[in-house]
Every structure is written in structure tokens, then in C-alpha cells.
file protein34.pdb (PDB, C-alpha atoms)
ATOM      1  CA  MET W   1      18.857 -16.498  10.531
ATOM      2  CA  THR W   2      19.775 -12.949  11.441
ATOM      3  CA  HIS W   3      17.087 -10.348  11.660
ATOM      4  CA  GLN W   4      17.488  -6.685  10.852
ATOM      5  CA  VAL W   5      16.167  -3.657  12.629
ATOM      6  CA  HIS W   6      15.994  -0.706  10.259
ATOM      7  CA  ALA W   7      15.908   2.249  12.642
ATOM      8  CA  PHE W   8      15.297   5.829  11.525
ATOM      9  CA  GLU W   9      15.282   8.035  14.615
ATOM     10  CA  PRO W  10      14.262  10.407  13.042
ATOM     11  CA  PRO W  11      13.955   9.763   9.285
ATOM     12  CA  GLU W  12      14.422  12.493   6.686
ATOM     13  CA  ARG W  13      11.187  11.249   5.130
ATOM     14  CA  PHE W  14       8.600   8.670   6.224
ATOM     15  CA  VAL W  15       5.548   8.162   4.041
ATOM     16  CA  ALA W  16       2.882   5.730   2.963
ATOM     17  CA  GLY W  17       2.607   5.278  -0.776
ATOM     18  CA  THR W  18       1.584   2.913  -3.537
ATOM     19  CA  VAL W  19       2.951   1.333  -6.660
ATOM     20  CA  GLY W  20       0.685   0.222  -9.510
ATOM     21  CA  PRO W  21      -2.658   1.284 -11.013
ATOM     22  CA  PRO W  22      -5.823   1.617  -8.884
ATOM     23  CA  GLY W  23      -7.251  -1.796  -8.157
ATOM     24  CA  GLU W  24      -3.798  -3.385  -8.345
ATOM     25  CA  ARG W  25      -1.937  -1.065  -6.010
ATOM     26  CA  THR W  26       0.691  -2.370  -3.615
ATOM     27  CA  PHE W  27       0.931  -0.314  -0.438
ATOM     28  CA  PHE W  28       4.257   0.562   1.141
ATOM     29  CA  LEU W  29       5.686   2.387   4.118
ATOM     30  CA  GLN W  30       8.949   4.006   3.111
ATOM     31  CA  ALA W  31      11.629   5.541   5.322
ATOM     32  CA  ARG W  32      14.628   7.499   4.075
ATOM     33  CA  GLY W  33      17.556   8.861   6.006
ATOM     34  CA  GLY W  34      21.322   8.726   6.354
ATOM     35  CA  GLY W  35      21.742   7.547   2.776
ATOM     36  CA  ARG W  36      19.428   4.561   3.343
ATOM     37  CA  LEU W  37      16.034   3.823   1.817
ATOM     38  CA  VAL W  38      13.780   1.103   3.259
ATOM     39  CA  SER W  39      10.391   0.110   1.830
ATOM     40  CA  VAL W  40       8.073  -2.419   3.461
ATOM     41  CA  ALA W  41       4.850  -3.722   1.908
ATOM     42  CA  LEU W  42       1.536  -3.837   3.750
ATOM     43  CA  GLU W  43      -2.199  -4.046   3.190
ATOM     44  CA  LYS W  44      -4.395  -1.031   2.458
ATOM     45  CA  VAL W  45      -6.386  -1.736   5.637
ATOM     46  CA  GLN W  46      -3.142  -1.611   7.666
ATOM     47  CA  VAL W  47      -2.321   1.851   6.284
ATOM     48  CA  SER W  48      -5.828   3.038   7.114
ATOM     49  CA  LEU W  49      -5.686   1.554  10.618
ATOM     50  CA  LEU W  50      -2.218   2.992  11.224
ATOM     51  CA  ALA W  51      -3.442   6.521  10.427
ATOM     52  CA  GLU W  52      -6.448   6.055  12.700
ATOM     53  CA  LYS W  53      -4.408   4.660  15.612
ATOM     54  CA  LEU W  54      -1.741   7.377  15.271
ATOM     55  CA  GLU W  55      -4.490  10.001  15.518
ATOM     56  CA  GLU W  56      -5.736   8.323  18.727
ATOM     57  CA  LEU W  57      -2.181   8.124  20.078
ATOM     58  CA  LEU W  58      -1.617  11.859  19.525
ATOM     59  CA  SER W  59      -4.915  12.709  21.258
ATOM     60  CA  GLU W  60      -4.033  10.428  24.165
ATOM     61  CA  ALA W  61      -0.555  11.987  24.485
ATOM     62  CA  GLN W  62      -2.125  15.427  24.568
ATOM     63  CA  ARG W  63      -4.701  14.373  27.144
ATOM     64  CA  ARG W  64      -2.310  12.492  29.443
ATOM     65  CA  PHE W  65       0.935  14.416  29.085
ATOM     66  CA  GLY W  66      -0.128  17.833  27.811
ATOM     67  CA  VAL W  67       1.807  17.385  24.583
ATOM     68  CA  GLU W  68       1.273  20.319  22.240
ATOM     69  CA  LEU W  69      -0.278  19.016  19.058
ATOM     70  CA  PRO W  70       0.073  20.746  15.723
ATOM     71  CA  GLU W  71      -3.149  21.776  14.046
ATOM     72  CA  SER W  72      -4.117  19.848  10.940
ATOM     73  CA  SER W  73      -2.094  21.538   8.291
ATOM     74  CA  VAL W  74      -3.890  23.375   5.540
ATOM     75  CA  SER W  75      -0.901  22.885   3.274
ATOM     76  CA  VAL W  76      -0.944  19.878   0.999
ATOM     77  CA  GLY W  77       2.222  18.386   2.451
ATOM     78  CA  ASP W  78       4.277  15.652   0.818
ATOM     79  CA  ASN W  79       2.475  14.360  -2.266
ATOM     80  CA  ASP W  80       5.558  13.155  -4.084
ATOM     81  CA  PRO W  81       5.692   9.552  -5.221
ATOM     82  CA  LEU W  82       7.764   7.014  -3.340
ATOM     83  CA  ASP W  83      11.516   7.258  -3.825
ATOM     84  CA  ASN W  84      13.007   4.782  -6.285
ATOM     85  CA  PRO W  85      13.980   2.032  -6.204
ATOM     86  CA  VAL W  86      11.011   0.610  -4.276
ATOM     87  CA  ASP W  87      12.509  -2.710  -3.164
ATOM     88  CA  GLU W  88      10.283  -4.593  -0.760
ATOM     89  CA  GLU W  89      12.379  -5.328   2.325
ATOM     90  CA  PHE W  90       9.615  -7.433   3.884
ATOM     91  CA  ARG W  91       5.821  -7.679   4.242
ATOM     92  CA  VAL W  92       4.423  -6.199   7.449
ATOM     93  CA  GLY W  93       2.583  -8.553   9.805
ATOM     94  CA  THR W  94       2.247  -6.394  12.910
ATOM     95  CA  LEU W  95       2.368  -2.671  13.584
ATOM     96  CA  GLY W  96       3.316  -1.419  17.023
ATOM     97  CA  LEU W  97       2.914   2.138  18.290
ATOM     98  CA  ALA W  98       4.216   3.870  21.361
ATOM     99  CA  PHE W  99       4.618   7.413  22.621
ATOM    100  CA  ASP W 100       7.969   8.255  24.171
ATOM    101  CA  VAL W 101       7.209  10.799  26.873
ATOM    102  CA  ASP W 102      10.850  11.802  27.483
ATOM    103  CA  SER W 103      11.456  12.893  23.904
ATOM    104  CA  ALA W 104       7.782  13.648  23.074
ATOM    105  CA  THR W 105       8.033  11.478  19.973
ATOM    106  CA  VAL W 106       5.912   8.784  18.396
ATOM    107  CA  VAL W 107       7.588   5.439  17.777
ATOM    108  CA  ILE W 108       6.201   3.266  14.986
ATOM    109  CA  GLU W 109       7.388  -0.289  14.502
ATOM    110  CA  ALA W 110       6.489  -2.308  11.447
ATOM    111  CA  ILE W 111       7.323  -5.946  12.137
ATOM    112  CA  ALA W 112       7.685  -8.531   9.393
ATOM    113  CA  ALA W 113       5.003 -11.167   9.060
ATOM    114  CA  GLY W 114       6.100 -14.500  10.467
ATOM    115  CA  GLU W 115       5.359 -17.690   8.549
ATOM    116  CA  ALA W 116       2.209 -18.349  10.562
ATOM    117  CA  GLU W 117       0.649 -14.939  10.933
ATOM    118  CA  ALA W 118      -0.154 -11.979   8.772
ATOM    119  CA  GLU W 119      -2.814 -10.292  10.852
ATOM    120  CA  VAL W 120      -3.564  -6.634  11.114
ATOM    121  CA  GLU W 121      -2.885  -5.859  14.702
ATOM    122  CA  LEU W 122      -1.725  -2.693  16.281
ATOM    123  CA  GLY W 123       0.557  -3.817  19.036
ATOM    124  CA  ASP W 124       0.663  -1.403  21.925
ATOM    125  CA  ASP W 125      -1.698   1.364  21.239
ATOM    126  CA  GLU W 126      -1.527   2.340  24.879
ATOM    127  CA  VAL W 127       0.962   5.008  25.588
ATOM    128  CA  ASP W 128       4.109   3.225  26.733
ATOM    129  CA  GLU W 129       6.017   4.762  29.624
ATOM    130  CA  ASP W 130       8.980   2.447  29.120
ATOM    131  CA  ASP W 131      10.017   0.372  26.215
ATOM    132  CA  ASP W 132      11.962  -2.519  27.665
ATOM    133  CA  ASP W 133       9.469  -5.357  27.529
ATOM    134  CA  ASP W 134      10.816  -8.375  25.667
ATOM    135  CA  GLU W 135       9.043  -9.018  22.414
ATOM    136  CA  PRO W 136       8.332 -12.615  21.488
ATOM    137  CA  ASP W 137       9.043 -12.015  17.797
ATOM    138  CA  GLU W 138      12.554 -10.658  18.100
ATOM    139  CA  ASP W 139      13.737 -12.909  15.291
ATOM    140  CA  LEU W 140      11.668 -10.945  12.756
ATOM    141  CA  ASP W 141      12.883  -8.000  10.684
ATOM    142  CA  ARG W 142      11.477  -4.659  11.687
ATOM    143  CA  LEU W 143      11.380  -1.041  10.621
ATOM    144  CA  ARG W 144      11.427   1.426  13.524
ATOM    145  CA  VAL W 145      10.709   5.101  12.985
ATOM    146  CA  ARG W 146      10.637   7.915  15.535
ATOM    147  CA  LEU W 147       8.577  10.973  14.573
ATOM    148  CA  THR W 148       7.727  14.320  16.115
ATOM    149  CA  PRO W 149       4.009  15.055  16.599
ATOM    150  CA  GLU W 150       4.218  17.378  13.547
ATOM    151  CA  ALA W 151       5.770  14.673  11.374
ATOM    152  CA  THR W 152       3.205  12.185  12.688
ATOM    153  CA  ARG W 153       0.369  14.519  11.688
ATOM    154  CA  GLU W 154       1.854  14.878   8.183
ATOM    155  CA  PHE W 155       2.191  11.099   7.915
ATOM    156  CA  ILE W 156      -1.476  10.621   8.954
ATOM    157  CA  GLU W 157      -2.747  13.132   6.409
ATOM    158  CA  ARG W 158      -0.728  11.653   3.557
ATOM    159  CA  ALA W 159      -1.693   8.084   4.548
ATOM    160  CA  ARG W 160      -5.372   9.048   4.375
ATOM    161  CA  ARG W 161      -4.920  10.667   0.963
ATOM    162  CA  VAL W 162      -3.114   7.565  -0.314
ATOM    163  CA  VAL W 163      -5.841   5.220   0.956
ATOM    164  CA  ASN W 164      -8.590   7.397  -0.532
ATOM    165  CA  ALA W 165      -6.850   7.840  -3.888
ATOM    166  CA  GLY W 166      -7.841   4.393  -5.139
ATOM    167  CA  ARG W 167     -10.812   3.471  -7.247
ATOM    168  CA  PRO W 168     -13.927   5.552  -6.580
ATOM    169  CA  PRO W 169     -16.645   3.696  -4.645
ATOM    170  CA  CYS W 170     -19.863   2.567  -6.337
ATOM    171  CA  PRO W 171     -22.635   4.978  -5.238
ATOM    172  CA  LEU W 172     -24.973   2.011  -4.694
ATOM    173  CA  CYS W 173     -22.927  -0.635  -2.864
ATOM    174  CA  GLY W 174     -19.718   1.186  -1.848
ATOM    175  CA  GLN W 175     -17.434  -1.404  -3.468
ATOM    176  CA  PRO W 176     -14.575  -0.055  -5.603
ATOM    177  CA  LEU W 177     -15.454   0.669  -9.233
ATOM    178  CA  ASP W 178     -13.184  -0.633 -11.969
ATOM    179  CA  PRO W 179     -12.754   1.526 -15.073
ATOM    180  CA  ALA W 180     -14.991  -1.007 -16.846
ATOM    181  CA  GLY W 181     -17.665  -0.820 -14.138
ATOM    182  CA  HIS W 182     -18.396  -3.753 -11.842
ATOM    183  CA  LEU W 183     -20.987  -6.355 -10.972
ATOM    184  CA  CYS W 184     -22.991  -4.487  -8.359
ATOM    185  CA  PRO W 185     -24.818  -6.672  -5.842
ATOM    186  CA  ARG W 186     -27.582  -4.039  -5.753
ATOM    187  CA  HIS W 187     -28.249  -4.668  -9.467
ATOM    188  CA  ASN W 188     -28.517  -8.446  -9.190
ATOM    189  CA  GLY W 189     -25.269  -8.854 -11.076
ATOM    190  CA  TYR W 190     -25.990  -6.568 -14.027
ATOM    191  CA  HIS W 191     -23.187  -4.246 -15.089
ATOM    192  CA  ARG W 192     -23.623  -0.622 -14.172
TER     193      ARG W 192
END
call {"tool": "encode", "arguments": {"input": "protein34.pdb", "output": "C-alpha cells"}}
result
Amino acid sequence: MTHQVHAFEPPERFVAGTVGPPGERTFFLQARGGGRLVSVALEKVQVSLLAEKLEELLSEAQRRFGVELPESSVSVGDNDPLDNPVDEEFRVGTLGLAFDVDSATVVIEAIAAGEAEAEVELGDDEVDEDDDDDEPDEDLDRLRVRLTPEATREFIERARRVVNAGRPPCPLCGQPLDPAGHLCPRHNGYHR
């Protein structure tokens, strides 16, 4: 079975987004560039973790290599929906991050879930000096994106908006509220 590496170095657009109503949303990472459009599905928690780990990676790059980081932008940034068609290329099992010192870019790899695993794991969240270690899962499809620190910051901010745009949390238990309310554990199962 041949595997595919979808590389966008750099993409014209790289965003996290969703399809479907709150409560039934499917999360995607989507890269566009050179006339190609690739969408990969992942869990909400993976999007949230990716934003968090990218933030740490940028801070680490600044601390260790003096990389100039853009300020958090006040502008709203890219709020457009995902580009159509949203065809799921694969479901993400592992996310790997690295910082390329030579080009001062962030490299994100979304690797397809194998049959056995679908864990949320951020591969190398250390800052990699070199990138030639052999990966054990080379037979899996992957999406590789290379972003500038500015583009990384925009991705983080949009990813956080996307994650937070779901159902509002219940003020009592913090679980997501459905439009019809929900069975709140703090109310012994009575609807709120």
C-alpha cells in the first residue's frame, strides 16, 4: 500500500475548521496551495492541544534561538469557513511539531491513525535541530505544513476560536449545553 505525504511548504492557507452543527461538529485541518486542497479529520481535543503546543513551541524558539515573535494580532484574522469540497483524506492519529532553525519556520505533521492507535500525542514538541530521524510509521499518510511564526500565530488564534465556538458550557457543571438543555449532574439528573 502506498502512502502519501501531502506537503505544503508553505501553504496559501492552513486552518482548523469544522463541519456540522454544534454538538455534532467534525473537526478538520485544511491546507490549500498550488491548486491542491487537503482536509484531514481530527478530534476537538487534538485541535486544542495543537494550538497549546504551537504556542509553547513559539515561546521556546524565541527563548532558545532569539526568534522574533509577532504580537498577538488584534485583527480578527481568517474566519472564513473551510474551502469546499471538504473531503476527508484521512483521520489524524498523531501530530508532530518541530521548529526549523535554518528557515525559522514551524513544521507541523499530521499523521494518519494506524489500525491500532488513535491517540492524541504530540510527537516531538522539543525543538528539533535536525529532521532526519527515521519514523517508525512511514507507511502512514501524512500532511506536512511549514509555517512562518506569523502564520503559526494566526493558526493558533483561529484554532482557539474554532474550539470555543461550540456549544456553550453549563454554568453549573461545565459540560456542553444542547439547545434543549441537558441532564446536569449537579441537578441529580433533572433538566435545566
call {"tool": "closest_residue", "arguments": {"input": "protein34.pdb", "among": "W:Glu24, W:Glu52, W:Asp139, W:Glu12", "to": "W:Arg153", "atoms": "only C-alpha atoms"}}
result
W:Glu52
call {"tool": "resolve_selection", "arguments": {"input": "protein34.pdb", "expression": "the PyMOL selection byres ((chain W and resi 19) around 12)", "output": "mmCIF file with C-alpha atoms, in the coordinates of the input"}}
result
data_model
loop_
_atom_site.group_PDB
_atom_site.id
_atom_site.type_symbol
_atom_site.label_atom_id
_atom_site.label_comp_id
_atom_site.auth_asym_id
_atom_site.auth_seq_id
_atom_site.Cartn_x
_atom_site.Cartn_y
_atom_site.Cartn_z
ATOM 1 C CA ALA W 16 2.882 5.730 2.963
ATOM 2 C CA GLY W 17 2.607 5.278 -0.776
ATOM 3 C CA THR W 18 1.584 2.913 -3.537
ATOM 4 C CA GLY W 20 0.685 0.222 -9.510
ATOM 5 C CA PRO W 21 -2.658 1.284 -11.013
ATOM 6 C CA PRO W 22 -5.823 1.617 -8.884
ATOM 7 C CA GLY W 23 -7.251 -1.796 -8.157
ATOM 8 C CA GLU W 24 -3.798 -3.385 -8.345
ATOM 9 C CA ARG W 25 -1.937 -1.065 -6.010
ATOM 10 C CA THR W 26 0.691 -2.370 -3.615
ATOM 11 C CA PHE W 27 0.931 -0.314 -0.438
ATOM 12 C CA PHE W 28 4.257 0.562 1.141
ATOM 13 C CA LEU W 29 5.686 2.387 4.118
ATOM 14 C CA GLN W 30 8.949 4.006 3.111
ATOM 15 C CA SER W 39 10.391 0.110 1.830
ATOM 16 C CA VAL W 40 8.073 -2.419 3.461
ATOM 17 C CA ALA W 41 4.850 -3.722 1.908
ATOM 18 C CA LEU W 42 1.536 -3.837 3.750
ATOM 19 C CA LYS W 44 -4.395 -1.031 2.458
ATOM 20 C CA PRO W 81 5.692 9.552 -5.221
ATOM 21 C CA LEU W 82 7.764 7.014 -3.340
ATOM 22 C CA ASP W 83 11.516 7.258 -3.825
ATOM 23 C CA ASN W 84 13.007 4.782 -6.285
ATOM 24 C CA PRO W 85 13.980 2.032 -6.204
ATOM 25 C CA VAL W 86 11.011 0.610 -4.276
ATOM 26 C CA ASP W 87 12.509 -2.710 -3.164
ATOM 27 C CA GLU W 88 10.283 -4.593 -0.760
ATOM 28 C CA VAL W 162 -3.114 7.565 -0.314
ATOM 29 C CA GLY W 166 -7.841 4.393 -5.139
#
call {"tool": "residues_around", "arguments": {"input": "protein34.pdb", "residues": "stretch 177-189 of chain W", "least_positions_apart": "6", "cutoff": "8 Å", "atoms": "only C-alpha atoms", "output": "list in words"}}
result
Gly23, Arg167, Pro168, Pro169 and Cys170 of chain W
call {"tool": "residues_around", "arguments": {"input": "protein34.pdb", "residues": "W:Ser59", "least_positions_apart": "5", "cutoff": "12 Å", "atoms": "all atoms listed in the file", "output": "ChimeraX atom specification"}}
result
/W:52-54,64-71,99,106,125-127,149,152-153
call {"tool": "write_last_selection", "arguments": {"input": "protein34.pdb", "atoms": "C-alpha atoms", "output": "JSON list (two decimals), in the coordinates of the input"}}
result
[["chain", "number", "residue", "atom", "x", "y", "z"],
["W", 52, "GLU", "CA", -6.45, 6.06, 12.70],
["W", 53, "LYS", "CA", -4.41, 4.66, 15.61],
["W", 54, "LEU", "CA", -1.74, 7.38, 15.27],
["W", 64, "ARG", "CA", -2.31, 12.49, 29.44],
["W", 65, "PHE", "CA", 0.94, 14.42, 29.08],
["W", 66, "GLY", "CA", -0.13, 17.83, 27.81],
["W", 67, "VAL", "CA", 1.81, 17.39, 24.58],
["W", 68, "GLU", "CA", 1.27, 20.32, 22.24],
["W", 69, "LEU", "CA", -0.28, 19.02, 19.06],
["W", 70, "PRO", "CA", 0.07, 20.75, 15.72],
["W", 71, "GLU", "CA", -3.15, 21.78, 14.05],
["W", 99, "PHE", "CA", 4.62, 7.41, 22.62],
["W", 106, "VAL", "CA", 5.91, 8.78, 18.40],
["W", 125, "ASP", "CA", -1.70, 1.36, 21.24],
["W", 126, "GLU", "CA", -1.53, 2.34, 24.88],
["W", 127, "VAL", "CA", 0.96, 5.01, 25.59],
["W", 149, "PRO", "CA", 4.01, 15.06, 16.60],
["W", 152, "THR", "CA", 3.20, 12.18, 12.69],
["W", 153, "ARG", "CA", 0.37, 14.52, 11.69]]
call {"tool": "residues_around", "arguments": {"input": "protein34.pdb", "residues": "W:Thr105", "least_positions_apart": "2", "cutoff": "9 Å", "atoms": "all atoms listed in the file", "output": "PDB file with C-alpha atoms, in the coordinates of the input"}}
result
ATOM      1  CA  ALA W  98       4.216   3.870  21.361  1.00  0.00           C
ATOM      2  CA  PHE W  99       4.618   7.413  22.621  1.00  0.00           C
ATOM      3  CA  ASP W 100       7.969   8.255  24.171  1.00  0.00           C
ATOM      4  CA  VAL W 101       7.209  10.799  26.873  1.00  0.00           C
ATOM      5  CA  ASP W 102      10.850  11.802  27.483  1.00  0.00           C
ATOM      6  CA  SER W 103      11.456  12.893  23.904  1.00  0.00           C
ATOM      7  CA  VAL W 107       7.588   5.439  17.777  1.00  0.00           C
ATOM      8  CA  ARG W 146      10.637   7.915  15.535  1.00  0.00           C
ATOM      9  CA  LEU W 147       8.577  10.973  14.573  1.00  0.00           C
ATOM     10  CA  THR W 148       7.727  14.320  16.115  1.00  0.00           C
ATOM     11  CA  PRO W 149       4.009  15.055  16.599  1.00  0.00           C
ATOM     12  CA  THR W 152       3.205  12.185  12.688  1.00  0.00           C
TER      13      THR W 152
END
call {"tool": "atom_distance", "arguments": {"input": "protein34.pdb", "atom1": "atom CA of W:Val38", "atom2": "atom CA of W:Val163"}}
result
20.2 Å
call {"tool": "atom_distance", "arguments": {"input": "protein34.pdb", "atom1": "atom CA of W:Ala104", "atom2": "atom CA of W:Glu56"}}
result
15.2 Å
call {"tool": "resolve_selection", "arguments": {"input": "protein34.pdb", "expression": "the PyMOL selection byres ((chain W and resi 144) around 8)", "output": "ChimeraX atom specification"}}
result
/W:5-9,107-110,142-143,145-146
call {"tool": "closest_residue", "arguments": {"input": "protein34.pdb", "among": "W:Asn164, W:Gly77, W:Glu89, W:Val45", "to": "W:Gln4", "atoms": "only C-alpha atoms"}}
result
W:Glu89
call {"tool": "atom_distance", "arguments": {"input": "protein34.pdb", "atom1": "atom CA of W:Gly114", "atom2": "atom CA of W:Leu50"}}
result
19.4 Å
call {"tool": "closest_residue", "arguments": {"input": "protein34.pdb", "among": "W:Asp78, W:Gln46, W:Glu150, W:Arg13", "to": "W:Gly96", "atoms": "only C-alpha atoms"}}
result
W:Gln46
call {"tool": "resolve_selection", "arguments": {"input": "protein34.pdb", "expression": "the PyMOL selection byres ((chain W and resi 112) around 8)", "output": "ChimeraX atom specification"}}
result
/W:90-94,110-111,113-114,140-142
call {"tool": "axis_aligned_box", "arguments": {"input": "protein34.pdb", "around": "stretch 39-47 of chain W", "padding_each_side": "8 Å", "output": "AutoDock Vina command-line options"}}
result
--center_x 2.0 --center_y -1.1 --center_z 4.7 --size_x 32.8 --size_y 21.9 --size_z 21.8
call {"tool": "closest_residue", "arguments": {"input": "protein34.pdb", "among": "W:Asn79, W:Pro10, W:Gly33, W:Gln62", "to": "W:Ala159", "atoms": "only C-alpha atoms"}}
result
W:Asn79
call {"tool": "closest_residue", "arguments": {"input": "protein34.pdb", "among": "W:Glu157, W:Gln175, W:Ala31, W:Thr2", "to": "W:Val15", "atoms": "all atoms listed in the file"}}
result
W:Ala31
